[in-house]
Amino acid sequence: MISFDTDGAFEQNYKFLIGSILPRPIAVVSTLNEDGSANIAPFSFFTAISAKPMIIAFCPLIRSATGEVKDTPKNIHRMGEFVVNFVTEETMEKINLTSTELPYGEDEFEFAGLKKLPSEKIKTPRLLESPIHFECILRDTLSYGDVPGAGQLITGEVVKVHIDEKLLEQGRISTDLFKPVGRGAGQDWILCDHRKEIARLMKAQIQK
Ligand SMILES: Cc1cc2nc3c(=O)[nH]c(=O)nc-3n(C[C@H](O)[C@H](O)[C@H](O)COP(=O)(O)O)c2cc1C
């Protein structure tokens with residue numbers, strides 16, 4: 001067993017945080033830059049919070065290399081909105097490219113060879129190649145500091161959902177048809193092609 005206190009170097013906490021919480025889902029967040037160009041980047045510190053109201057959360061950290069706030073939270077706090085798009089086996093290479101640190105204002109859709117689709121309730125574009133889109137309005141921000149690696153919790157209310165019918169089987173999303181991918185430790189990406197279904201049982205169904 002190795003054990004450590006968490007008041008040391010950021011790198012040590014980060015390395016074991018991203019190696020322990022696995023697999024992580026990935027939000028591919030699109031936002032609008034100040035000049036109207038579009039920004040898109042993946043975030044695997046991402047989860048669902050509430051079904052009604054429908055709320056999701058993700059966490060951009062302060063950039064470790066420069067100590068700066070990332071473009072995505074900058075844009076969200078200026079515009080009050082964003083879109084959560086999703087990554088599949090087909091798009092993972094291109095989505096990985098969107099995590100490249102480009103100068104502010106450079107269109108990351110174009111850089112990664114991805115296409116935009118207008119949203120219905122907000123100004124921020126969706127990612128055409130994503131089979132699911134959540135149009136979100138900013139709800140809350142909690143900040144945990146301004147040093148490199150410090151995180152922010154951003155929650156968004158999903159005001160419109162779009163789902164490609166091709167993912168549906170009897171009205172539900174099928175994992176096989178969706179082919180989502182998650183984040184692993186280090187630079188790993190995790191495919192969902194090996195699964196096991198286990199029904200949730202009521203207490204009365206369990207034989208002693
Ligand atoms: C799969 C994947 C998941 C990532 N998850 C996060 C995350 O949860 N939080 C974070 O701050 N950065 C994360 N990153 C790094 C950001 O995508 C990267 O810093 C990006 O340049 C941010 O873009 P922006 O400045 O346009 O907001 C992740 C990168 C990849 C490839």
# chains A, B, ... in the order shown; residues from 1 in each chain; ligands from 1
call {"tool": "closest_atom_pairs", "arguments": {"of": "chain A", "to": "ligand 1", "cutoff": "7 Å", "atoms": "only C-alpha atoms and all ligand atoms", "output": "CSV"}}
result
residue,atom,partner,partner_atom_place_in_ligand_line,distance
A:Ile26,CA,ligand 1,3 (C),6.3
A:Asn39,CA,ligand 1,26 (O),5.7
A:Ile40,CA,ligand 1,26 (O),5.8
A:Ala41,CA,ligand 1,17 (O),4.6
A:Pro42,CA,ligand 1,17 (O),4.4
A:Phe43,CA,ligand 1,5 (N),3.3
A:Ser44,CA,ligand 1,8 (O),3.9
A:Phe45,CA,ligand 1,8 (O),3.7
A:Phe46,CA,ligand 1,8 (O),6.6
A:Phe58,CA,ligand 1,8 (O),6.8
A:Cys59,CA,ligand 1,9 (N),5.4
A:Pro60,CA,ligand 1,11 (O),3.4
A:Leu61,CA,ligand 1,11 (O),3.8
A:Ile62,CA,ligand 1,11 (O),6.5
A:Arg63,CA,ligand 1,19 (O),6.6
A:Lys70,CA,ligand 1,25 (O),3.9
A:Asp71,CA,ligand 1,25 (O),3.8
A:Thr72,CA,ligand 1,27 (O),3.6
A:Pro73,CA,ligand 1,27 (O),6.5
A:Asn96,CA,ligand 1,31 (C),4.8
A:Thr98,CA,ligand 1,17 (O),6.9
A:Ser99,CA,ligand 1,17 (O),3.9
A:Thr100,CA,ligand 1,21 (O),4.9
A:Glu101,CA,ligand 1,21 (O),4.2
A:Arg183,CA,ligand 1,1 (C),5.4
call {"tool": "residues_around", "arguments": {"residues": "Val84 of chain A", "least_positions_apart": "5", "cutoff": "9 Å", "atoms": "only C-alpha atoms", "output": "list in words"}}
result
Ala27, Val28, Val29, Ser30, Arg126, Leu127, Ile132, His133, Phe134, Glu135, Cys136 and Val158 of chain A
call {"tool": "write_last_selection", "arguments": {"atoms": "N, CA and C atoms", "output": "PDB file, in the first residue's frame"}}
result
ATOM      1  N   ALA A  27     -17.769  14.673 -21.237  1.00  0.00           N
ATOM      2  CA  ALA A  27     -18.618  15.738 -21.800  1.00  0.00           C
ATOM      3  C   ALA A  27     -17.764  16.467 -22.827  1.00  0.00           C
ATOM      4  N   VAL A  28     -18.290  16.610 -24.030  1.00  0.00           N
ATOM      5  CA  VAL A  28     -17.586  17.383 -25.044  1.00  0.00           C
ATOM      6  C   VAL A  28     -18.318  18.728 -25.105  1.00  0.00           C
ATOM      7  N   VAL A  29     -17.710  19.725 -24.473  1.00  0.00           N
ATOM      8  CA  VAL A  29     -18.440  20.973 -24.217  1.00  0.00           C
ATOM      9  C   VAL A  29     -18.150  22.011 -25.296  1.00  0.00           C
ATOM     10  N   SER A  30     -19.223  22.470 -25.969  1.00  0.00           N
ATOM     11  CA  SER A  30     -19.029  23.551 -26.941  1.00  0.00           C
ATOM     12  C   SER A  30     -19.497  24.866 -26.337  1.00  0.00           C
ATOM     13  N   ARG A 126     -24.060  23.166 -31.652  1.00  0.00           N
ATOM     14  CA  ARG A 126     -23.862  21.760 -31.255  1.00  0.00           C
ATOM     15  C   ARG A 126     -22.816  21.141 -32.174  1.00  0.00           C
ATOM     16  N   LEU A 127     -22.365  19.952 -31.791  1.00  0.00           N
ATOM     17  CA  LEU A 127     -21.416  19.202 -32.617  1.00  0.00           C
ATOM     18  C   LEU A 127     -22.220  18.247 -33.495  1.00  0.00           C
ATOM     19  N   ILE A 132     -25.921  12.738 -29.516  1.00  0.00           N
ATOM     20  CA  ILE A 132     -26.757  13.287 -28.431  1.00  0.00           C
ATOM     21  C   ILE A 132     -26.255  14.699 -28.138  1.00  0.00           C
ATOM     22  N   HIS A 133     -27.185  15.618 -27.890  1.00  0.00           N
ATOM     23  CA  HIS A 133     -26.794  16.982 -27.502  1.00  0.00           C
ATOM     24  C   HIS A 133     -27.638  17.420 -26.314  1.00  0.00           C
ATOM     25  N   PHE A 134     -27.009  18.084 -25.358  1.00  0.00           N
ATOM     26  CA  PHE A 134     -27.732  18.733 -24.259  1.00  0.00           C
ATOM     27  C   PHE A 134     -27.488  20.242 -24.376  1.00  0.00           C
ATOM     28  N   GLU A 135     -28.524  21.004 -24.672  1.00  0.00           N
ATOM     29  CA  GLU A 135     -28.383  22.475 -24.647  1.00  0.00           C
ATOM     30  C   GLU A 135     -28.539  22.918 -23.196  1.00  0.00           C
ATOM     31  N   CYS A 136     -27.546  23.636 -22.667  1.00  0.00           N
ATOM     32  CA  CYS A 136     -27.511  23.954 -21.227  1.00  0.00           C
ATOM     33  C   CYS A 136     -27.460  25.446 -20.939  1.00  0.00           C
ATOM     34  N   VAL A 158     -30.157  21.483 -18.341  1.00  0.00           N
ATOM     35  CA  VAL A 158     -30.366  21.043 -19.727  1.00  0.00           C
ATOM     36  C   VAL A 158     -31.774  21.482 -20.127  1.00  0.00           C
TER      37      VAL A 158
END
call {"tool": "closest_residue", "arguments": {"among": "A:Asp35, A:Glu90, A:Glu129, A:Asp5", "to": "Phe109 of chain A", "atoms": "only C-alpha atoms"}}
result
A:Glu129
call {"tool": "residues_around", "arguments": {"residues": "Val147 of chain A", "least_positions_apart": "5", "cutoff": "12 Å", "atoms": "only C-alpha atoms", "output": "list of chain:residue names"}}
result
A:Ala9, A:Phe10, A:Leu61, A:Ile62, A:Arg63, A:Ser64, A:Ala65, A:Thr66, A:Gly67, A:Glu68, A:Val69, A:Gln152
call {"tool": "write_last_selection", "arguments": {"atoms": "N, CA, C and O atoms", "output": "PDB file, in the first residue's frame"}}
result
ATOM      1  N   ALA A   9       2.498  18.028  -3.856  1.00  0.00           N
ATOM      2  CA  ALA A   9       2.447  18.522  -5.244  1.00  0.00           C
ATOM      3  C   ALA A   9       1.112  18.178  -5.908  1.00  0.00           C
ATOM      4  O   ALA A   9       0.564  17.088  -5.711  1.00  0.00           O
ATOM      5  N   PHE A  10       0.640  19.112  -6.720  1.00  0.00           N
ATOM      6  CA  PHE A  10      -0.606  18.919  -7.484  1.00  0.00           C
ATOM      7  C   PHE A  10      -0.529  17.663  -8.364  1.00  0.00           C
ATOM      8  O   PHE A  10      -1.488  16.893  -8.479  1.00  0.00           O
ATOM      9  N   LEU A  61     -10.338  22.489 -14.697  1.00  0.00           N
ATOM     10  CA  LEU A  61      -9.302  22.840 -13.720  1.00  0.00           C
ATOM     11  C   LEU A  61      -8.507  24.038 -14.255  1.00  0.00           C
ATOM     12  O   LEU A  61      -8.479  24.271 -15.463  1.00  0.00           O
ATOM     13  N   ILE A  62      -7.844  24.755 -13.358  1.00  0.00           N
ATOM     14  CA  ILE A  62      -6.924  25.817 -13.803  1.00  0.00           C
ATOM     15  C   ILE A  62      -5.781  25.129 -14.559  1.00  0.00           C
ATOM     16  O   ILE A  62      -5.255  24.108 -14.093  1.00  0.00           O
ATOM     17  N   ARG A  63      -5.429  25.663 -15.732  1.00  0.00           N
ATOM     18  CA  ARG A  63      -4.382  25.065 -16.574  1.00  0.00           C
ATOM     19  C   ARG A  63      -3.082  24.891 -15.798  1.00  0.00           C
ATOM     20  O   ARG A  63      -2.579  25.866 -15.234  1.00  0.00           O
ATOM     21  N   SER A  64      -2.560  23.645 -15.791  1.00  0.00           N
ATOM     22  CA  SER A  64      -1.354  23.396 -14.987  1.00  0.00           C
ATOM     23  C   SER A  64      -0.128  24.098 -15.590  1.00  0.00           C
ATOM     24  O   SER A  64       0.744  24.569 -14.872  1.00  0.00           O
ATOM     25  N   ALA A  65      -0.081  24.215 -16.945  1.00  0.00           N
ATOM     26  CA  ALA A  65       1.112  24.790 -17.580  1.00  0.00           C
ATOM     27  C   ALA A  65       1.211  26.299 -17.367  1.00  0.00           C
ATOM     28  O   ALA A  65       2.304  26.832 -17.182  1.00  0.00           O
ATOM     29  N   THR A  66       0.075  26.990 -17.372  1.00  0.00           N
ATOM     30  CA  THR A  66       0.125  28.465 -17.368  1.00  0.00           C
ATOM     31  C   THR A  66      -0.555  29.094 -16.153  1.00  0.00           C
ATOM     32  O   THR A  66      -0.424  30.299 -15.928  1.00  0.00           O
ATOM     33  N   GLY A  67      -1.324  28.334 -15.409  1.00  0.00           N
ATOM     34  CA  GLY A  67      -2.056  28.896 -14.272  1.00  0.00           C
ATOM     35  C   GLY A  67      -3.274  29.710 -14.699  1.00  0.00           C
ATOM     36  O   GLY A  67      -3.852  30.448 -13.905  1.00  0.00           O
ATOM     37  N   GLU A  68      -3.666  29.565 -16.007  1.00  0.00           N
ATOM     38  CA  GLU A  68      -4.797  30.356 -16.508  1.00  0.00           C
ATOM     39  C   GLU A  68      -6.107  29.573 -16.478  1.00  0.00           C
ATOM     40  O   GLU A  68      -6.113  28.340 -16.519  1.00  0.00           O
ATOM     41  N   VAL A  69      -7.202  30.339 -16.440  1.00  0.00           N
ATOM     42  CA  VAL A  69      -8.538  29.734 -16.551  1.00  0.00           C
ATOM     43  C   VAL A  69      -8.701  29.253 -17.993  1.00  0.00           C
ATOM     44  O   VAL A  69      -8.298  29.945 -18.930  1.00  0.00           O
ATOM     45  N   GLN A 152     -13.121  23.803 -10.696  1.00  0.00           N
ATOM     46  CA  GLN A 152     -14.362  24.560 -10.594  1.00  0.00           C
ATOM     47  C   GLN A 152     -15.480  23.578 -10.904  1.00  0.00           C
ATOM     48  O   GLN A 152     -15.321  22.767 -11.814  1.00  0.00           O
TER      49      GLN A 152
END
call {"tool": "residues_around", "arguments": {"residues": "Glu81 of chain A", "least_positions_apart": "4", "cutoff": "7 Å", "atoms": "only C-alpha atoms", "output": "ChimeraX atom specification"}}
result
/A:76,136-138
call {"tool": "closest_residue", "arguments": {"among": "A:Thr47, A:Asp140, A:Pro131, A:Gly149", "to": "Asn13 of chain A", "atoms": "only C-alpha atoms"}}
result
A:Gly149
call {"tool": "select_by_dssp", "arguments": {"residues": "segment 152-202 of chain A", "states": "helix (DSSP H, G or I)", "output": "ChimeraX atom specification"}}
result
/A:165-167,175-178
call {"tool": "select_by_dssp", "arguments": {"residues": "segment 99-155 of chain A", "states": "strand (DSSP E or B)", "output": "ChimeraX atom specification"}}
result
/A:116-117,126-127,132-143,151-155
call {"tool": "write_last_selection", "arguments": {"atoms": "N, CA and C atoms", "output": "short mmCIF file (atom, residue, chain, number, x, y, z; two decimals), in the first residue's frame"}}
result
data_model
loop_
_atom_site.label_atom_id
_atom_site.label_comp_id
_atom_site.auth_asym_id
_atom_site.auth_seq_id
_atom_site.Cartn_x
_atom_site.Cartn_y
_atom_site.Cartn_z
N LYS A 116 -20.40 22.06 -37.22
CA LYS A 116 -21.33 22.68 -36.26
C LYS A 116 -22.77 22.52 -36.72
N LEU A 117 -23.66 22.54 -35.75
CA LEU A 117 -25.10 22.46 -36.01
C LEU A 117 -25.72 23.50 -35.09
N ARG A 126 -24.06 23.17 -31.65
CA ARG A 126 -23.86 21.76 -31.26
C ARG A 126 -22.82 21.14 -32.17
N LEU A 127 -22.36 19.95 -31.79
CA LEU A 127 -21.42 19.20 -32.62
C LEU A 127 -22.22 18.25 -33.50
N ILE A 132 -25.92 12.74 -29.52
CA ILE A 132 -26.76 13.29 -28.43
C ILE A 132 -26.25 14.70 -28.14
N HIS A 133 -27.19 15.62 -27.89
CA HIS A 133 -26.79 16.98 -27.50
C HIS A 133 -27.64 17.42 -26.31
N PHE A 134 -27.01 18.08 -25.36
CA PHE A 134 -27.73 18.73 -24.26
C PHE A 134 -27.49 20.24 -24.38
N GLU A 135 -28.52 21.00 -24.67
CA GLU A 135 -28.38 22.47 -24.65
C GLU A 135 -28.54 22.92 -23.20
N CYS A 136 -27.55 23.64 -22.67
CA CYS A 136 -27.51 23.95 -21.23
C CYS A 136 -27.46 25.45 -20.94
N ILE A 137 -28.14 25.84 -19.87
CA ILE A 137 -28.05 27.19 -19.31
C ILE A 137 -27.27 27.07 -18.01
N LEU A 138 -26.28 27.95 -17.82
CA LEU A 138 -25.46 27.92 -16.60
C LEU A 138 -26.33 28.08 -15.36
N ARG A 139 -26.17 27.18 -14.39
CA ARG A 139 -26.90 27.29 -13.12
C ARG A 139 -26.00 27.79 -12.00
N ASP A 140 -24.90 27.05 -11.69
CA ASP A 140 -24.05 27.42 -10.55
C ASP A 140 -22.58 27.23 -10.89
N THR A 141 -21.76 27.96 -10.15
CA THR A 141 -20.31 27.72 -10.22
C THR A 141 -19.76 27.70 -8.80
N LEU A 142 -19.00 26.68 -8.49
CA LEU A 142 -18.26 26.63 -7.22
C LEU A 142 -16.79 26.60 -7.59
N SER A 143 -15.99 27.47 -7.00
CA SER A 143 -14.56 27.50 -7.33
C SER A 143 -13.75 27.07 -6.12
N GLY A 151 -9.86 23.16 -9.19
CA GLY A 151 -11.05 22.89 -10.01
C GLY A 151 -12.18 23.86 -9.76
N GLN A 152 -13.12 23.80 -10.70
CA GLN A 152 -14.36 24.56 -10.59
C GLN A 152 -15.48 23.58 -10.90
N LEU A 153 -16.56 23.65 -10.14
CA LEU A 153 -17.72 22.82 -10.47
C LEU A 153 -18.72 23.72 -11.20
N ILE A 154 -19.01 23.37 -12.43
CA ILE A 154 -19.99 24.15 -13.20
C ILE A 154 -21.21 23.27 -13.43
N THR A 155 -22.38 23.76 -13.01
CA THR A 155 -23.59 22.99 -13.29
C THR A 155 -24.39 23.72 -14.36
#
call {"tool": "atom_distance", "arguments": {"atom1": "atom CA of Leu114 of chain A", "atom2": "atom CA of Thr88 of chain A"}}
result
13.4 Å
call {"tool": "atom_distance", "arguments": {"atom1": "atom CA of Trp189 of chain A", "atom2": "atom CA of Lys160 of chain A"}}
result
27.9 Å
call {"tool": "closest_residue", "arguments": {"among": "A:Leu22, A:Leu167, A:Ile56, A:Leu128", "to": "Ile190 of chain A", "atoms": "only C-alpha atoms"}}
result
A:Leu22
